[in-house]
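**Q** Next comes start05.tsv, TSV, C-alpha atoms and all ligand atoms:
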chain	number	residue	atom	x	y	z
D	1033	MET	CA	-158.77	50.22	-31.09
D	1034	LYS	CA	-158.16	52.50	-28.18
D	1035	ILE	CA	-158.28	52.11	-24.43
D	1036	ILE	CA	-159.97	54.88	-22.46
D	1037	CYS	CA	-159.37	54.89	-18.73
D	1038	VAL	CA	-161.23	56.65	-15.95
D	1039	GLY	CA	-159.33	57.88	-12.91
D	1040	ARG	CA	-160.67	58.50	-9.40
D	1041	ASN	CA	-164.09	56.92	-9.90
D	1042	TYR	CA	-164.30	55.51	-6.35
D	1043	LYS	CA	-164.20	57.86	-3.35
D	1044	GLU	CA	-162.14	55.59	-1.11
D	1045	HIS	CA	-159.46	55.20	-3.76
D	1046	ALA	CA	-159.33	58.95	-4.46
D	1047	ARG	CA	-158.82	59.44	-0.71
D	1048	GLU	CA	-156.09	56.81	-0.37
D	1049	LEU	CA	-154.00	58.73	-2.93
D	1050	ASN	CA	-154.89	62.12	-1.41
D	1051	ASN	CA	-156.86	63.23	-4.48
D	1052	ASP	CA	-160.03	65.34	-4.48
D	1053	ILE	CA	-163.36	63.71	-5.40
D	1054	PRO	CA	-163.81	64.72	-9.06
D	1055	LYS	CA	-166.84	66.69	-10.26
D	1056	GLU	CA	-166.53	65.23	-13.75
D	1057	PRO	CA	-164.77	62.05	-14.92
D	1058	VAL	CA	-160.95	62.09	-15.12
D	1059	LEU	CA	-159.92	60.52	-18.45
D	1060	PHE	CA	-156.69	59.27	-19.98
D	1061	LEU	CA	-155.82	56.88	-22.82
D	1062	LYS	CA	-153.59	53.88	-23.39
D	1063	PRO	CA	-152.46	52.75	-26.87
D	1064	ASP	CA	-153.16	49.25	-28.25
D	1065	THR	CA	-149.56	48.27	-27.38
D	1066	ALA	CA	-150.63	48.42	-23.72
D	1067	LEU	CA	-152.84	45.32	-24.11
D	1068	LEU	CA	-151.96	42.20	-22.12
D	1069	ARG	CA	-154.04	39.03	-22.16
D	1070	SER	CA	-154.93	36.96	-19.12
D	1071	GLY	CA	-153.03	33.77	-18.40
D	1072	GLY	CA	-149.55	35.01	-19.14
D	1073	GLU	CA	-146.77	36.87	-17.43
D	1074	PHE	CA	-146.12	40.54	-16.81
D	1075	TYR	CA	-142.52	41.73	-16.61
D	1076	ILE	CA	-141.98	44.71	-14.29
D	1077	PRO	CA	-140.42	47.45	-16.46
D	1078	GLU	CA	-136.95	48.59	-15.46
D	1079	PHE	CA	-138.00	52.25	-15.19
D	1080	THR	CA	-140.14	51.83	-12.05
D	1081	ASN	CA	-139.57	50.78	-8.45
D	1082	ASP	CA	-143.20	51.13	-7.42
D	1083	LEU	CA	-145.51	49.32	-9.83
D	1084	HIS	CA	-149.12	49.20	-8.61
D	1085	HIS	CA	-152.10	47.08	-9.66
D	1086	GLU	CA	-155.47	48.79	-10.09
D	1087	VAL	CA	-158.24	46.23	-10.66
D	1088	GLU	CA	-161.09	47.66	-12.75
D	1089	ILE	CA	-164.35	46.64	-14.41
D	1090	LEU	CA	-164.01	47.18	-18.14
D	1091	VAL	CA	-166.48	47.53	-20.96
D	1092	LYS	CA	-166.05	46.60	-24.64
D	1093	ILE	CA	-167.76	48.92	-27.11
D	1094	SER	CA	-169.88	47.04	-29.68
D	1095	LYS	CA	-171.25	49.88	-31.81
D	1096	VAL	CA	-169.86	53.15	-33.16
D	1097	GLY	CA	-171.11	56.13	-31.21
D	1098	LYS	CA	-170.67	59.88	-30.68
D	1099	TYR	CA	-172.67	62.16	-28.34
D	1100	ILE	CA	-174.43	59.16	-26.80
D	1101	GLN	CA	-177.17	60.08	-24.34
D	1102	PRO	CA	-176.84	58.21	-21.02
D	1103	GLU	CA	-180.19	56.44	-21.46
D	1104	PHE	CA	-178.92	54.93	-24.73
D	1105	SER	CA	-175.44	53.92	-23.50
D	1106	LYS	CA	-176.65	50.34	-22.92
D	1107	ASN	CA	-176.99	49.90	-26.70
D	1108	TYR	CA	-173.27	50.44	-27.21
D	1109	TYR	CA	-171.85	47.49	-25.26
D	1110	SER	CA	-172.79	43.88	-24.76
D	1111	GLU	CA	-169.83	42.44	-22.84
D	1112	ILE	CA	-167.84	43.41	-19.78
D	1113	SER	CA	-164.66	42.08	-18.21
D	1114	LEU	CA	-162.17	42.78	-15.46
D	1115	GLY	CA	-158.62	43.99	-15.93
D	1116	ILE	CA	-155.71	45.78	-14.34
D	1117	ASP	CA	-154.59	49.33	-15.02
D	1118	PHE	CA	-150.90	48.87	-14.15
D	1119	THR	CA	-149.42	52.12	-12.87
D	1120	ALA	CA	-145.82	53.15	-12.22
D	1121	ARG	CA	-146.78	55.09	-9.11
D	1122	ASP	CA	-143.34	56.61	-8.55
D	1123	ILE	CA	-143.32	58.07	-12.06
D	1124	GLN	CA	-146.95	59.16	-11.85
D	1125	ASN	CA	-146.30	61.04	-8.60
D	1126	LYS	CA	-143.43	62.94	-10.19
D	1127	LEU	CA	-145.54	63.84	-13.23
D	1128	LYS	CA	-148.49	64.89	-11.06
D	1129	GLU	CA	-146.27	67.18	-8.98
D	1130	LYS	CA	-145.24	68.99	-12.14
D	1131	GLY	CA	-148.73	68.97	-13.68
D	1132	LEU	CA	-147.47	66.89	-16.60
D	1133	PRO	CA	-149.39	64.19	-18.57
D	1134	TRP	CA	-149.46	60.70	-17.03
D	1135	GLU	CA	-148.76	58.54	-20.08
D	1136	LYS	CA	-145.27	57.39	-19.13
D	1137	SER	CA	-146.66	56.01	-15.86
D	1138	LYS	CA	-149.89	54.56	-17.23
D	1139	ALA	CA	-149.71	53.77	-20.95
D	1140	PHE	CA	-146.50	51.74	-21.28
D	1141	ASP	CA	-146.39	48.33	-22.99
D	1142	HIS	CA	-148.59	45.67	-21.32
D	1143	SER	CA	-150.00	48.14	-18.78
D	1144	ALA	CA	-153.60	47.09	-19.57
D	1145	LEU	CA	-154.41	43.53	-18.52
D	1146	VAL	CA	-157.70	42.35	-20.03
D	1147	GLY	CA	-159.56	39.28	-18.76
D	1148	LYS	CA	-162.19	37.16	-20.46
D	1149	PHE	CA	-165.38	38.87	-21.55
D	1150	ILE	CA	-168.78	37.92	-20.20
D	1151	PRO	CA	-172.19	38.96	-21.57
D	1152	LYS	CA	-173.78	41.81	-19.64
D	1153	GLU	CA	-177.17	40.04	-19.70
D	1154	ASN	CA	-177.99	38.44	-16.36
D	1155	LEU	CA	-175.62	40.82	-14.56
D	1156	ASN	CA	-176.77	43.69	-12.38
D	1157	LEU	CA	-174.24	46.25	-13.56
D	1158	SER	CA	-175.22	48.76	-10.89
D	1159	ASN	CA	-174.49	46.27	-8.08
D	1160	LEU	CA	-171.65	44.05	-9.19
D	1161	HIS	CA	-169.00	42.78	-6.81
D	1162	PHE	CA	-165.41	42.28	-8.02
D	1163	SER	CA	-162.10	41.49	-6.39
D	1164	LEU	CA	-158.37	41.07	-6.85
D	1165	ILE	CA	-156.64	38.20	-5.07
D	1166	LYS	CA	-152.88	38.57	-4.61
D	1167	ASN	CA	-151.00	35.40	-3.64
D	1168	GLY	CA	-154.21	33.83	-2.37
D	1169	LYS	CA	-155.39	36.79	-0.26
D	1170	ILE	CA	-157.98	39.45	-1.06
D	1171	GLN	CA	-156.10	42.65	-1.89
D	1172	GLN	CA	-158.81	44.77	-3.54
D	1173	LYS	CA	-162.57	44.45	-3.54
D	1174	GLY	CA	-165.13	46.76	-5.01
D	1175	ASN	CA	-168.72	47.12	-6.04
D	1176	THR	CA	-169.97	49.05	-9.05
D	1177	SER	CA	-172.60	50.64	-6.77
D	1178	ASP	CA	-169.74	52.70	-5.30
D	1179	MET	CA	-168.77	54.25	-8.64
D	1180	ILE	CA	-168.97	58.04	-8.65
D	1181	PHE	CA	-169.93	57.94	-12.35
D	1182	SER	CA	-171.85	54.86	-13.58
D	1183	ILE	CA	-170.87	52.92	-16.69
D	1184	ASP	CA	-173.69	54.50	-18.68
D	1185	ARG	CA	-172.78	58.02	-17.58
D	1186	LEU	CA	-169.12	57.35	-18.42
D	1187	ILE	CA	-169.94	56.17	-21.94
D	1188	SER	CA	-172.06	59.27	-22.52
D	1189	TYR	CA	-169.37	61.59	-21.17
D	1190	ILE	CA	-166.49	59.95	-23.02
D	1191	SER	CA	-168.40	60.01	-26.33
D	1192	GLN	CA	-168.58	63.81	-26.20
D	1193	PHE	CA	-164.81	63.91	-26.68
D	1194	PHE	CA	-163.91	60.66	-28.47
D	1195	THR	CA	-165.90	58.78	-31.08
D	1196	LEU	CA	-166.33	55.30	-29.67
D	1197	LYS	CA	-165.56	52.50	-32.10
D	1198	VAL	CA	-166.22	48.76	-32.07
D	1199	GLY	CA	-163.61	47.03	-29.92
D	1200	ASP	CA	-162.64	50.08	-27.87
D	1201	LEU	CA	-162.22	49.33	-24.17
D	1202	ILE	CA	-163.17	51.50	-21.23
D	1203	PHE	CA	-161.46	50.93	-17.86
D	1204	THR	CA	-163.92	52.30	-15.32
D	1205	GLY	CA	-161.66	53.05	-12.35
D	1206	THR	CA	-160.30	51.19	-9.36
D	1207	PRO	CA	-161.61	50.85	-5.80
D	1208	ALA	CA	-159.37	51.24	-2.74
D	1209	GLY	CA	-156.60	48.76	-1.92
D	1210	VAL	CA	-154.06	49.42	-4.66
D	1211	SER	CA	-150.61	48.08	-3.76
D	1212	LYS	CA	-147.17	47.38	-5.09
D	1213	VAL	CA	-146.55	44.18	-7.06
D	1214	GLU	CA	-143.34	42.21	-6.73
D	1215	GLU	CA	-141.65	39.51	-8.76
D	1216	ASN	CA	-143.42	36.15	-8.45
D	1217	ASP	CA	-146.71	37.62	-7.23
D	1218	PHE	CA	-149.74	35.77	-8.59
D	1219	LEU	CA	-152.81	37.89	-9.31
D	1220	GLU	CA	-156.35	36.62	-9.88
D	1221	GLY	CA	-159.43	38.67	-10.69
D	1222	PHE	CA	-163.05	37.76	-10.00
D	1223	ILE	CA	-166.43	39.21	-10.92
D	1224	GLU	CA	-168.75	37.85	-8.25
D	1225	GLU	CA	-167.66	34.17	-8.02
D	1226	GLU	CA	-166.39	33.87	-11.59
D	1227	LYS	CA	-162.67	33.96	-12.30
D	1228	ILE	CA	-161.93	36.48	-15.06
D	1229	PHE	CA	-158.13	36.59	-15.21
D	1230	ASP	CA	-154.89	35.41	-13.70
D	1231	LEU	CA	-151.36	36.63	-14.15
D	1232	TRP	CA	-147.85	36.00	-12.90
D	1233	ILE	CA	-145.58	38.97	-12.16
D	1234	ARG	CA	-141.98	38.46	-13.25
U	1	MG	MG	-156.97	53.17	-12.86
Please re-express this file's structure in structure tokens.

**A**
Amino acid sequence: MKIICVGRNYKEHARELNNDIPKEPVLFLKPDTALLRSGGEFYIPEFTNDLHHEVEILVKISKVGKYIQPEFSKNYYSEISLGIDFTARDIQNKLKEKGLPWEKSKAFDHSALVGKFIPKENLNLSNLHFSLIKNGKIQQKGNTSDMIFSIDRLISYISQFFTLKVGDLIFTGTPAGVSKVEENDFLEGFIEEEKIFDLWIR
């Protein structure tokens, strides 16, 4: 399986990092070694001094697809979840300055936290509230209605470049409020009122 991530899909987050609002989706990938399950611990890698959480709605692909039209995207996923795109911001900033690829800052081991999956039925995917609680306080909150590119548009766009396979995950971008994590932080993610993941930082 592969993990496809979307960058800068919320205006307020693009602004907080001084990035332009994109005219087409910004994409990057993480390998399967980036996967981290909810309920465990995340060890801050030694190569960064500025590790950020980015809470994101994610989609699990349930059917093989290529050149999917946006109106048919709904047929290619049945479950969604919430996760964290962990980012070594100090390394990413250096790579961005030089125009180099982001992988070292984004695709390292355990950089993709994945919560429990919930069926998309009964959810209004175009108006879904989600949040990240850090040490008991709201740190990030977002709503899918603020996405620049909707889930269905993202699936269509991504499938022009990459064949989507069963089990692939799409991280759909983070809202504003990203911040540094420290040892012994406790992170919890919610979609509406339902807890989707928790994680200790070590
Ligand atoms: Mg992200």

**Q** List all protein, DNA and RNA residues that have an atom no more than 8 Å from any atom of ligand MG 1 (chain U), counting all atoms listed in the file, and report them as a PyMOL selection string.

**A** chain D and resi 1037-1040+1086-1088+1116-1119+1203-1206

**Q** Measuring between only C-alpha atoms, which one of D:Gln1124, D:Ser1105, D:Ser1110, D:Ser1191 shows the shortest distance to Lys1092 of chain D?

**A**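 Of the candidates, the smallest distance to Lys1092 of chain D is held by D:Ser1110.
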
**Q** Report the closest atom pair, with its distance in Å rounded to one decimal, for each residue of segment 1135-1212 of chain D that has an atom no farther than 9 Å from segment 1057-1069 of chain D; count all atoms listed in the file, sort by chain and then rising residue number, and write it as a tab-separated table.

**A**
residue	atom	partner	partner_atom	distance
D:Glu1135	CA	D:Lys1062	CA	7.5
D:Lys1138	CA	D:Lys1062	CA	7.2
D:Ala1139	CA	D:Lys1062	CA	4.6
D:Phe1140	CA	D:Ala1066	CA	5.8
D:Asp1141	CA	D:Ala1066	CA	4.3
D:His1142	CA	D:Ala1066	CA	4.2
D:Ser1143	CA	D:Ala1066	CA	5.0
D:Ala1144	CA	D:Leu1067	CA	4.9
D:Leu1145	CA	D:Leu1068	CA	4.6
D:Val1146	CA	D:Arg1069	CA	5.4
D:Gly1147	CA	D:Arg1069	CA	6.5
D:Lys1148	CA	D:Arg1069	CA	8.5
D:Ile1180	CA	D:Pro1057	CA	8.5
D:Phe1181	CA	D:Pro1057	CA	7.1
D:Leu1186	CA	D:Pro1057	CA	7.3
D:Tyr1189	CA	D:Pro1057	CA	7.8
D:Ile1190	CA	D:Leu1059	CA	8.0

**Q** Write out, as a Markdown table, each residue of segment 1046-1073 of chain D that has an atom at most 12 Å from segment 1171-1179 of chain D, together with the closest pair of atoms and their distance in Å to one decimal, counting all atoms listed in the file, rows going by chain and rising number.

**A**
| residue | atom | partner | partner_atom | distance |
| --- | --- | --- | --- | --- |
| D:Ala1046 | CA | D:Met1179 | CA | 11.3 |
| D:Ile1053 | CA | D:Met1179 | CA | 11.4 |
| D:Pro1054 | CA | D:Met1179 | CA | 11.6 |
| D:Pro1057 | CA | D:Met1179 | CA | 10.8 |

**Q** Find, counting all atoms listed in the file, the residue in D:Ile1100, D:Leu1160, D:Met1033, D:Ile1202 that gets nearest to Glu1225 of chain D.

**A**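 With all atoms listed in the file as the atom set, the closest residue is D:Leu1160.
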